[in-house]
>>> print(open('my_file-v1.cif').read())   # mmCIF, C-alpha atoms
data_target
#
loop_
_atom_site.label_atom_id
_atom_site.label_comp_id
_atom_site.auth_asym_id
_atom_site.auth_seq_id
_atom_site.Cartn_x
_atom_site.Cartn_y
_atom_site.Cartn_z
CA MET A 1 117.67 134.62 28.18
CA TYR A 2 121.32 134.12 28.91
CA VAL A 3 122.64 133.86 32.43
CA MET A 4 126.30 134.46 32.93
CA THR A 5 127.88 132.58 35.76
CA THR A 6 131.44 132.41 36.81
CA ALA A 7 132.72 129.32 38.44
CA THR A 8 134.96 130.02 41.35
CA PRO A 9 137.17 127.21 42.41
CA PRO A 10 136.33 125.97 45.89
CA LEU A 11 138.73 126.75 48.66
CA PRO A 12 141.11 123.89 49.29
CA THR A 13 139.90 121.87 52.21
CA SER A 14 142.18 120.40 54.76
CA ALA A 15 141.80 117.77 57.37
CA PRO A 16 140.15 118.94 60.57
CA ALA A 17 142.40 119.78 63.48
CA PRO A 18 143.21 116.81 65.70
CA VAL A 19 141.57 116.73 69.11
CA TRP A 20 144.87 117.27 70.89
CA ALA A 21 145.51 120.48 68.88
CA ARG A 22 142.03 121.79 69.71
CA ARG A 23 142.59 121.08 73.39
CA ALA A 24 146.01 122.74 73.29
CA ALA A 25 144.56 125.86 71.63
CA HIS A 26 141.87 126.10 74.30
CA ALA A 27 144.47 125.49 77.02
CA ILE A 28 146.44 128.49 75.77
CA ALA A 29 143.39 130.70 76.26
CA PHE A 30 142.93 129.37 79.79
CA CYS A 31 146.63 129.75 80.68
CA ALA A 32 146.35 133.54 80.37
CA VAL A 33 143.35 133.84 82.71
CA PRO A 34 145.02 133.55 86.17
CA SER A 35 147.62 136.25 85.52
CA GLY A 36 144.98 138.52 84.03
CA LEU A 37 142.76 138.13 87.07
CA TRP A 38 145.76 138.79 89.32
CA ARG A 39 146.53 142.02 87.42
CA ILE A 40 142.90 143.13 87.57
CA ALA A 41 142.86 142.43 91.32
CA MET A 42 146.00 144.55 91.68
CA ALA A 43 144.40 147.39 89.70
CA SER A 44 141.23 147.10 91.80
CA GLY A 45 143.09 147.64 95.04
CA VAL A 46 143.12 144.05 96.28
CA TYR A 47 146.30 143.29 98.21
CA VAL A 48 148.53 141.13 96.00
CA GLY A 49 151.81 141.58 97.86
CA TYR A 50 152.79 145.12 96.93
CA SER A 51 152.73 147.94 99.44
CA ASP A 52 150.70 151.05 98.72
CA GLN A 53 153.92 152.99 98.17
CA VAL A 54 155.18 150.49 95.56
CA LEU A 55 151.82 150.56 93.78
CA ARG A 56 151.95 154.38 93.65
CA ASP A 57 155.64 154.83 92.81
CA VAL A 58 156.34 151.85 90.57
CA PHE A 59 153.00 150.96 88.99
CA ASP A 60 151.23 154.37 89.18
CA ILE A 61 148.17 152.82 90.85
CA PRO A 62 145.87 154.64 91.42
CA GLY A 63 146.37 156.55 88.20
CA TRP A 64 147.30 155.62 84.66
CA GLY A 65 148.72 152.36 85.90
CA ILE A 66 145.19 151.01 86.27
CA ALA A 67 144.51 151.49 82.55
CA TYR A 68 147.87 149.95 81.70
CA VAL A 69 147.43 146.88 83.90
CA VAL A 70 143.82 146.22 82.84
CA GLY A 71 144.70 146.91 79.18
CA LEU A 72 147.62 144.49 79.41
CA SER A 73 145.27 141.82 80.77
CA VAL A 74 142.77 142.35 77.96
CA ILE A 75 145.44 142.34 75.24
CA ALA A 76 147.08 139.22 76.69
CA GLU A 77 143.77 137.35 76.71
CA LEU A 78 142.92 138.45 73.17
CA ALA A 79 146.36 137.28 72.02
CA ALA A 80 145.80 133.98 73.82
CA LEU A 81 142.67 133.47 71.70
CA PHE A 82 144.72 133.62 68.45
CA PRO A 83 145.53 129.86 68.42
CA LEU A 84 141.82 129.14 68.16
CA LEU A 85 142.06 130.43 64.58
CA LEU A 86 144.54 127.67 63.84
CA VAL A 87 142.09 124.94 64.82
CA SER A 88 138.92 126.55 63.48
CA ASP A 89 137.25 124.97 60.47
CA ARG A 90 134.72 127.77 60.05
CA TRP A 91 136.55 131.06 59.91
CA ARG A 92 139.80 131.76 58.08
CA PRO A 93 140.72 135.44 58.01
CA LEU A 94 143.98 134.87 56.12
CA ARG A 95 145.37 132.43 53.60
CA PRO A 96 146.77 129.30 55.24
CA ARG A 97 150.39 130.10 54.30
CA THR A 98 150.10 133.64 55.70
CA LEU A 99 148.46 132.43 58.88
CA ALA A 100 151.11 129.72 59.28
CA ALA A 101 153.91 132.27 58.90
CA LEU A 102 152.24 134.53 61.44
CA ALA A 103 151.78 131.62 63.83
CA TRP A 104 155.45 130.54 63.53
CA THR A 105 156.51 134.12 64.21
CA ALA A 106 154.23 134.26 67.25
CA SER A 107 155.67 130.97 68.51
CA ALA A 108 159.23 132.24 68.20
CA VAL A 109 158.38 135.50 69.95
CA LEU A 110 156.63 133.61 72.76
CA VAL A 111 159.68 131.43 73.34
CA LEU A 112 161.93 134.50 73.52
CA VAL A 113 159.54 136.35 75.83
CA ALA A 114 159.28 133.33 78.13
CA LEU A 115 163.07 133.08 78.36
CA TRP A 116 163.32 136.80 79.06
CA GLN A 117 160.62 136.60 81.75
CA LEU A 118 162.55 133.83 83.48
CA VAL A 119 165.55 136.14 83.64
CA VAL A 120 163.44 139.01 84.97
CA ALA A 121 161.59 136.81 87.49
CA PHE A 122 164.80 135.65 89.11
CA THR A 123 166.57 138.98 89.31
CA VAL A 124 166.97 140.58 92.70
CA GLU A 125 165.14 143.77 91.69
CA SER A 126 161.92 142.06 90.65
CA GLN A 127 161.73 140.13 93.93
CA THR A 128 162.36 143.11 96.22
CA TYR A 129 158.97 144.73 95.54
CA MET A 130 156.95 141.85 96.99
CA SER A 131 156.40 142.22 100.71
CA SER A 132 156.12 138.56 101.73
CA GLY A 133 157.06 135.06 100.74
CA THR A 134 153.40 134.07 100.53
CA ALA A 135 152.73 136.82 97.98
CA GLN A 136 155.69 135.60 95.91
CA THR A 137 154.36 132.04 96.03
CA VAL A 138 150.90 133.16 94.90
CA TRP A 139 152.51 135.27 92.17
CA GLY A 140 154.49 132.23 91.02
CA PHE A 141 151.41 130.01 90.83
CA VAL A 142 149.44 132.67 88.98
CA PHE A 143 152.10 133.36 86.35
CA ALA A 144 153.42 129.79 85.98
CA PRO A 145 150.78 128.75 83.39
CA LEU A 146 152.12 131.42 81.04
CA PHE A 147 155.28 129.36 80.60
CA ALA A 148 153.26 126.53 79.03
CA ILE A 149 152.03 128.80 76.24
CA PRO A 150 155.16 128.74 74.01
CA ALA A 151 155.25 124.93 73.88
CA LEU A 152 151.48 124.67 73.33
CA MET A 153 151.57 127.37 70.65
CA THR A 154 154.42 125.65 68.84
CA ALA A 155 152.53 122.34 68.85
CA VAL A 156 149.32 123.94 67.55
CA THR A 157 151.29 125.81 64.87
CA TRP A 158 153.06 122.62 63.80
CA SER A 159 149.71 120.85 63.51
CA TYR A 160 148.24 123.71 61.46
CA THR A 161 151.24 123.81 59.13
CA LYS A 162 151.15 120.05 58.66
CA ARG A 163 147.43 120.06 57.82
CA HIS A 164 147.72 122.95 55.35
CA ARG A 165 150.88 121.83 53.58
CA ALA A 166 150.52 121.78 49.81
CA PRO A 167 150.14 118.28 48.36
CA GLY A 168 153.47 116.83 47.34
CA GLN A 169 155.51 118.63 49.98
CA ALA A 170 157.33 116.43 52.39
#
>>> encode(input="my_file-v1.cif", output="structure tokens")
Amino acid sequence: MYVMTTATPPLPTSAPAPVWARRAAHAIAFCAVPSGLWRIAMASGVYVGYSDQVLRDVFDIPGWGIAYVVGLSVIAELAALFPLLLVSDRWRPLRPRTLAALAWTASAVLVLVALWQLVVAFTVESQTYMSSGTAQTVWGFVFAPLFAIPALMTAVTWSYTKRHRAPGQA
């Protein structure tokens, strides 16, 4: 009896992610939580600094705005979980080079979005909707962790790229 076997080459292994990269990837996931909870509170009717008229006219709450705000929170948290793929040793949905390219693109987009959000946050129009200085302070503390994400994502991406670089590349 003949048994035909095909030898498949093992997947190239790389060094495990350093502890600091794992912590940074988990920190990214946690940085998105406060703003998501704030948005969900807003959609639930909890007073977050906007008058009822602003919620109705600007955010369409109650209405479709609830689905938008909650959906935005869910999508933001799912996106914040992406860096965990870069430090995972168990599950690799894409080839390392493809995942590295995707991660560098995500890092660049995050930097641009953070810069744009700074511009929006300090414009007169975005500050006129809040009804009090306390609400603006709370809003600032809730959304401030989001500005750490681009730097953390870039560091995790750099670590991933360095660990998965082909032998012989400098």
>>> resolve_selection(input="my_file-v1.cif", expression="the PyMOL selection byres ((chain A and resi 87-91) around 8)", output="ChimeraX atom specification")
/A:16-17,21-22,25,83-86,92-93,156,160
>>> residues_around(input="my_file-v1.cif", residues="Ser35 of chain A", least_positions_apart="5", cutoff="12 Å", atoms="all atoms listed in the file", output="PDB file with C-alpha atoms, in the coordinates of the input")
ATOM      1  CA  ALA A  29     143.390 130.700  76.260  1.00  0.00           C
ATOM      2  CA  PHE A  30     142.930 129.370  79.790  1.00  0.00           C
ATOM      3  CA  ILE A  40     142.900 143.130  87.570  1.00  0.00           C
ATOM      4  CA  ALA A  41     142.860 142.430  91.320  1.00  0.00           C
ATOM      5  CA  MET A  42     146.000 144.550  91.680  1.00  0.00           C
ATOM      6  CA  VAL A  48     148.530 141.130  96.000  1.00  0.00           C
ATOM      7  CA  VAL A  69     147.430 146.880  83.900  1.00  0.00           C
ATOM      8  CA  VAL A  70     143.820 146.220  82.840  1.00  0.00           C
ATOM      9  CA  LEU A  72     147.620 144.490  79.410  1.00  0.00           C
ATOM     10  CA  SER A  73     145.270 141.820  80.770  1.00  0.00           C
ATOM     11  CA  VAL A  74     142.770 142.350  77.960  1.00  0.00           C
ATOM     12  CA  ALA A  76     147.080 139.220  76.690  1.00  0.00           C
ATOM     13  CA  GLU A  77     143.770 137.350  76.710  1.00  0.00           C
ATOM     14  CA  VAL A 138     150.900 133.160  94.900  1.00  0.00           C
ATOM     15  CA  TRP A 139     152.510 135.270  92.170  1.00  0.00           C
ATOM     16  CA  GLY A 140     154.490 132.230  91.020  1.00  0.00           C
ATOM     17  CA  PHE A 141     151.410 130.010  90.830  1.00  0.00           C
ATOM     18  CA  VAL A 142     149.440 132.670  88.980  1.00  0.00           C
ATOM     19  CA  PHE A 143     152.100 133.360  86.350  1.00  0.00           C
ATOM     20  CA  ALA A 144     153.420 129.790  85.980  1.00  0.00           C
ATOM     21  CA  PRO A 145     150.780 128.750  83.390  1.00  0.00           C
ATOM     22  CA  LEU A 146     152.120 131.420  81.040  1.00  0.00           C
ATOM     23  CA  PHE A 147     155.280 129.360  80.600  1.00  0.00           C
TER      24      PHE A 147
END
>>> atom_distance(input="my_file-v1.cif", atom1="atom CA of Leu102 of chain A", atom2="atom CA of Trp116 of chain A")
20.9 Å
>>> residues_around(input="my_file-v1.cif", residues="segment 54-57 of chain A", least_positions_apart="3", cutoff="12 Å", atoms="all atoms listed in the file", output="PDB file with C-alpha atoms, in the frame of the given file")
ATOM      1  CA  ARG A  39     146.530 142.020  87.420  1.00  0.00           C
ATOM      2  CA  MET A  42     146.000 144.550  91.680  1.00  0.00           C
ATOM      3  CA  ALA A  43     144.400 147.390  89.700  1.00  0.00           C
ATOM      4  CA  SER A  44     141.230 147.100  91.800  1.00  0.00           C
ATOM      5  CA  GLY A  45     143.090 147.640  95.040  1.00  0.00           C
ATOM      6  CA  VAL A  46     143.120 144.050  96.280  1.00  0.00           C
ATOM      7  CA  TYR A  47     146.300 143.290  98.210  1.00  0.00           C
ATOM      8  CA  VAL A  48     148.530 141.130  96.000  1.00  0.00           C
ATOM      9  CA  GLY A  49     151.810 141.580  97.860  1.00  0.00           C
ATOM     10  CA  TYR A  50     152.790 145.120  96.930  1.00  0.00           C
ATOM     11  CA  SER A  51     152.730 147.940  99.440  1.00  0.00           C
ATOM     12  CA  ASP A  60     151.230 154.370  89.180  1.00  0.00           C
ATOM     13  CA  ILE A  61     148.170 152.820  90.850  1.00  0.00           C
ATOM     14  CA  PRO A  62     145.870 154.640  91.420  1.00  0.00           C
ATOM     15  CA  GLY A  63     146.370 156.550  88.200  1.00  0.00           C
ATOM     16  CA  TRP A  64     147.300 155.620  84.660  1.00  0.00           C
ATOM     17  CA  GLY A  65     148.720 152.360  85.900  1.00  0.00           C
ATOM     18  CA  ILE A  66     145.190 151.010  86.270  1.00  0.00           C
ATOM     19  CA  VAL A  69     147.430 146.880  83.900  1.00  0.00           C
ATOM     20  CA  SER A 126     161.920 142.060  90.650  1.00  0.00           C
ATOM     21  CA  THR A 128     162.360 143.110  96.220  1.00  0.00           C
ATOM     22  CA  TYR A 129     158.970 144.730  95.540  1.00  0.00           C
ATOM     23  CA  MET A 130     156.950 141.850  96.990  1.00  0.00           C
ATOM     24  CA  SER A 131     156.400 142.220 100.710  1.00  0.00           C
TER      25      SER A 131
END
>>> atom_distance(input="my_file-v1.cif", atom1="atom CA of Val33 of chain A", atom2="atom CA of Arg163 of chain A")
28.7 Å
>>> closest_residue(input="my_file-v1.cif", among="A:Thr161, A:Ser132, A:Thr137, A:Gln53", to="Arg97 of chain A", atoms="all atoms listed in the file")
A:Thr161
>>> closest_residue(input="my_file-v1.cif", among="A:Phe122, A:Pro96, A:Ala151, A:Phe82", to="Leu110 of chain A", atoms="all atoms listed in the file")
A:Ala151
>>> atom_distance(input="my_file-v1.cif", atom1="atom CA of Val119 of chain A", atom2="atom CA of Gly71 of chain A")
23.9 Å
>>> residues_around(input="my_file-v1.cif", residues="Ala101 of chain A", least_positions_apart="2", cutoff="12 Å", atoms="only C-alpha atoms", output="ChimeraX atom specification")
/A:86,94-99,103-108,154,157-158,160-161,164
>>> closest_residue(input="my_file-v1.cif", among="A:Thr123, A:Ala80, A:Trp38, A:Val58", to="Ala148 of chain A", atoms="all atoms listed in the file")
A:Ala80
>>> decode(input="my_file-v1.cif", residues="segment 65-88 of chain A", atoms="N, CA, C and O atoms", output="mmCIF file, in the first residue's frame")
data_model
loop_
_atom_site.group_PDB
_atom_site.id
_atom_site.type_symbol
_atom_site.label_atom_id
_atom_site.label_comp_id
_atom_site.auth_asym_id
_atom_site.auth_seq_id
_atom_site.Cartn_x
_atom_site.Cartn_y
_atom_site.Cartn_z
ATOM 1 N N GLY A 65 -30.342 59.126 14.380
ATOM 2 C CA GLY A 65 -29.085 59.496 15.019
ATOM 3 C C GLY A 65 -28.647 58.495 16.074
ATOM 4 O O GLY A 65 -27.452 58.301 16.305
ATOM 5 N N ILE A 66 -29.612 57.841 16.718
ATOM 6 C CA ILE A 66 -29.267 56.835 17.723
ATOM 7 C C ILE A 66 -28.500 55.687 17.073
ATOM 8 O O ILE A 66 -27.456 55.256 17.563
ATOM 9 N N ALA A 67 -29.007 55.188 15.945
ATOM 10 C CA ALA A 67 -28.327 54.093 15.238
ATOM 11 C C ALA A 67 -26.947 54.536 14.770
ATOM 12 O O ALA A 67 -25.978 53.770 14.857
ATOM 13 N N TYR A 68 -26.844 55.771 14.298
ATOM 14 C CA TYR A 68 -25.558 56.280 13.830
ATOM 15 C C TYR A 68 -24.548 56.360 14.978
ATOM 16 O O TYR A 68 -23.409 55.893 14.857
ATOM 17 N N VAL A 69 -24.956 56.936 16.086
ATOM 18 C CA VAL A 69 -24.044 57.152 17.206
ATOM 19 C C VAL A 69 -23.622 55.820 17.827
ATOM 20 O O VAL A 69 -22.439 55.598 18.098
ATOM 21 N N VAL A 70 -24.567 54.913 18.023
ATOM 22 C CA VAL A 70 -24.233 53.604 18.593
ATOM 23 C C VAL A 70 -23.388 52.807 17.591
ATOM 24 O O VAL A 70 -22.403 52.174 17.958
ATOM 25 N N GLY A 71 -23.760 52.860 16.305
ATOM 26 C CA GLY A 71 -22.972 52.170 15.274
ATOM 27 C C GLY A 71 -21.560 52.702 15.189
ATOM 28 O O GLY A 71 -20.603 51.933 15.041
ATOM 29 N N LEU A 72 -21.400 54.008 15.312
ATOM 30 C CA LEU A 72 -20.068 54.611 15.308
ATOM 31 C C LEU A 72 -19.242 54.110 16.492
ATOM 32 O O LEU A 72 -18.053 53.803 16.342
ATOM 33 N N SER A 73 -19.866 53.979 17.640
ATOM 34 C CA SER A 73 -19.164 53.467 18.820
ATOM 35 C C SER A 73 -18.717 52.031 18.621
ATOM 36 O O SER A 73 -17.589 51.666 18.962
ATOM 37 N N VAL A 74 -19.591 51.204 18.063
ATOM 38 C CA VAL A 74 -19.253 49.795 17.831
ATOM 39 C C VAL A 74 -18.139 49.671 16.804
ATOM 40 O O VAL A 74 -17.164 48.934 17.001
ATOM 41 N N ILE A 75 -18.244 50.406 15.700
ATOM 42 C CA ILE A 75 -17.213 50.350 14.651
ATOM 43 C C ILE A 75 -15.874 50.863 15.181
ATOM 44 O O ILE A 75 -14.822 50.290 14.893
ATOM 45 N N ALA A 76 -15.900 51.920 15.965
ATOM 46 C CA ALA A 76 -14.650 52.459 16.523
ATOM 47 C C ALA A 76 -13.986 51.444 17.447
ATOM 48 O O ALA A 76 -12.756 51.275 17.407
ATOM 49 N N GLU A 77 -14.771 50.751 18.254
ATOM 50 C CA GLU A 77 -14.176 49.762 19.160
ATOM 51 C C GLU A 77 -13.653 48.556 18.396
ATOM 52 O O GLU A 77 -12.580 48.034 18.701
ATOM 53 N N LEU A 78 -14.383 48.127 17.373
ATOM 54 C CA LEU A 78 -13.886 47.014 16.550
ATOM 55 C C LEU A 78 -12.583 47.399 15.846
ATOM 56 O O LEU A 78 -11.652 46.591 15.764
ATOM 57 N N ALA A 79 -12.517 48.621 15.343
ATOM 58 C CA ALA A 79 -11.280 49.083 14.700
ATOM 59 C C ALA A 79 -10.141 49.174 15.716
ATOM 60 O O ALA A 79 -8.991 48.897 15.382
ATOM 61 N N ALA A 80 -10.471 49.529 16.944
ATOM 62 C CA ALA A 80 -9.436 49.629 17.981
ATOM 63 C C ALA A 80 -8.905 48.256 18.380
ATOM 64 O O ALA A 80 -7.836 48.160 18.991
ATOM 65 N N LEU A 81 -9.615 47.193 18.036
ATOM 66 C CA LEU A 81 -9.141 45.842 18.325
ATOM 67 C C LEU A 81 -8.172 45.327 17.253
ATOM 68 O O LEU A 81 -7.482 44.341 17.471
ATOM 69 N N PHE A 82 -8.098 45.999 16.100
ATOM 70 C CA PHE A 82 -7.217 45.581 15.003
ATOM 71 C C PHE A 82 -5.753 45.408 15.423
ATOM 72 O O PHE A 82 -5.118 44.428 15.036
ATOM 73 N N PRO A 83 -5.185 46.313 16.219
ATOM 74 C CA PRO A 83 -3.771 46.138 16.602
ATOM 75 C C PRO A 83 -3.485 44.843 17.350
ATOM 76 O O PRO A 83 -2.349 44.381 17.373
ATOM 77 N N LEU A 84 -4.502 44.243 17.944
ATOM 78 C CA LEU A 84 -4.276 42.972 18.630
ATOM 79 C C LEU A 84 -3.847 41.888 17.644
ATOM 80 O O LEU A 84 -3.154 40.946 18.020
ATOM 81 N N LEU A 85 -4.235 42.023 16.375
ATOM 82 C CA LEU A 85 -3.770 41.083 15.349
ATOM 83 C C LEU A 85 -2.259 41.188 15.143
ATOM 84 O O LEU A 85 -1.609 40.208 14.791
ATOM 85 N N LEU A 86 -1.727 42.364 15.349
ATOM 86 C CA LEU A 86 -0.309 42.588 15.114
ATOM 87 C C LEU A 86 0.574 41.997 16.214
ATOM 88 O O LEU A 86 1.773 41.834 16.006
ATOM 89 N N VAL A 87 -0.010 41.707 17.355
ATOM 90 C CA VAL A 87 0.772 41.133 18.445
ATOM 91 C C VAL A 87 0.360 39.695 18.749
ATOM 92 O O VAL A 87 0.914 39.066 19.634
ATOM 93 N N SER A 88 -0.591 39.180 17.984
ATOM 94 C CA SER A 88 -1.071 37.820 18.209
ATOM 95 C C SER A 88 -0.120 36.802 17.587
ATOM 96 O O SER A 88 0.347 36.962 16.465
#
